[in-house]
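These notes concern the structure reproduced below.
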Amino acid sequence: MEDNMLRPTVMMLVVLIFAVIAKGVIDYLGRRQLIARGVDPDDLNGGSTKAREQHLLSNLKWALVLLGFGSAVILYDSFSDVLSMTGGFGLMFVGAGLGYLVYFLVAWRWSRSETHTEP
């Protein structure tokens with residue numbers, strides 16, 4: 001009985017640790033890109049409009065990644081007799097990647113519409 005619960009627990013811990021590390025790296029790289037584009041670092045920390053917009057996009061990014069990951073977990077649970085543990089693990093990464101891809105497309109369209117509206 002304990003062996004049946006150990007494998008999914010370890011798998012979720014590995015995914016959680018990977019997600020925390022990936023979030024830190026992605027946020028750091030995104031912050032560096034914004035500073036390279038000319039955004040003042042103080043604007044990113046404060047309550048300015050740009051900081052709120054970036055915070056909203058960051059929340060959207062992680063919501064879509066977790067939605068993709070969660071839907072992959074539901075798919076794996078539904079078809080656990082067909083998929084192996086490795087297949088389920090890979091499906092979770094594919095779901096998270098698809099969520100990130102959807103975020104990229106939404107953020108790209110949002111940034112394009114923002115640049116076209118400014119004089």
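Simple scheme: letters A, B, ... for chains in structure tokens order, numbers from 1 for residues in each chain, numbers from 1 for ligands in the order shown.
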Can you list, as a list in words, every protein, DNA or RNA residue that comes within 10 Å of range 84-95 of chain A when you count only C-alpha atoms, leaving out same-chain residues fewer than 3 positions away? Arg7, Pro8, Met11, Met12, Val15, Leu64, Val65, Leu66, Leu67, Gly68, Phe69, Gly70, Ser71, Ala72, Val73, Ile74, Leu75, Tyr76, Asp77, Phe79, Ser80, Asp81, Leu98, Gly99, Tyr100 and Leu101 of chain A
Spatial neighbours of Val106 in chain A, 10 Å, only C-alpha atoms, chain gap at least 4 places, as a PyMOL selection string: chain A and resi 57+60-61+100-102+110-112
